[in-house]
Amino acid sequence: MNPGYLSLLLMVVALILFASGWKDIIVRGITSKVILLFFVCWLVASQLTVPAAGGRVNLCVAVLLVFAAYTLWTMRGFVYRLHMLSVGALLGSLCFFMQETIHLIPALFLGGTEVSIALIIGLLASVLIQIPSVQLAALSIGLLLAELYRGYLHQDYAGLQIGYQSFQDRWWLTVFMSRSLSLITGFGLLACKKSVNWMTEGIKRRGGGDSE
């Protein structure tokens, strides 16, 4: 699949899910206006680039930076803000490391490089942060850092190119992975809790019946 097609496909899937009433389940806490504004800005910005540091930067980077900054600004508590930034830095370093070492240990990346990286990064994000908006902001920071590291390291070969179609595909794929894993984990924990409550109530009823 050519770069850029995957991000468009996942955007369409996301819009269909939101229109079907899944918004409050997938990205609870984020208003419809914010989501609509994000999609519009992304569609426009992803078609524009600006020169920067001897290379070019796609303006979708600006959209993600604004989203991350807005999320950071609306958060309460210095410690929680620091937690989001530290998780973003961790995810960025890990993503960059995996991108640079794929040729050394290809056997560890099953089902495609991008899928494997998105799965690992998405899993960590879903475990470390539960609030959807904060999770997406941390992912954005991490993937932008990895893109910046990689672009700077390889600028002598391909020039500094940040935020292009490959990055957009990676961002959308990782977001889908993280939210899917978060939902699966949440439903699993809820099912376990209900099972434990059902067993506890059954034991209590049984114990009450035996005492009579």
# chains A, B, ... in the order shown; residues from 1 in each chain; ligands from 1
call {"tool": "residues_around", "arguments": {"residues": "Ala68 in chain A", "least_positions_apart": "2", "cutoff": "10 Å", "atoms": "only C-alpha atoms", "output": "ChimeraX atom specification"}}
result
/A:62-66,70-73,84-85,133-141
call {"tool": "residues_around", "arguments": {"residues": "range 118-131 of chain A", "least_positions_apart": "2", "cutoff": "9 Å", "atoms": "only C-alpha atoms", "output": "number ranges by chain"}}
result
A: 27-29, 84, 87-88, 91-92, 94-95, 113-116, 133-136, 138-139, 170-171, 173-183, 185
call {"tool": "closest_residue", "arguments": {"among": "A:Glu100, A:Phe18, A:Val44, A:Arg81", "to": "Thr31 in chain A", "atoms": "only C-alpha atoms"}}
result
A:Phe18
call {"tool": "select_by_dssp", "arguments": {"residues": "range 73-191 of chain A", "states": "helix (DSSP H, G or I)", "output": "MDAnalysis selection string"}}
result
chainID A and resid 73:74 78:101 106:108 113:128 132:153 155:158 165:191
call {"tool": "closest_residue", "arguments": {"among": "A:Ala14, A:Val79, A:Leu36, A:Ile162", "to": "Thr49 in chain A", "atoms": "only C-alpha atoms"}}
result
A:Ile162
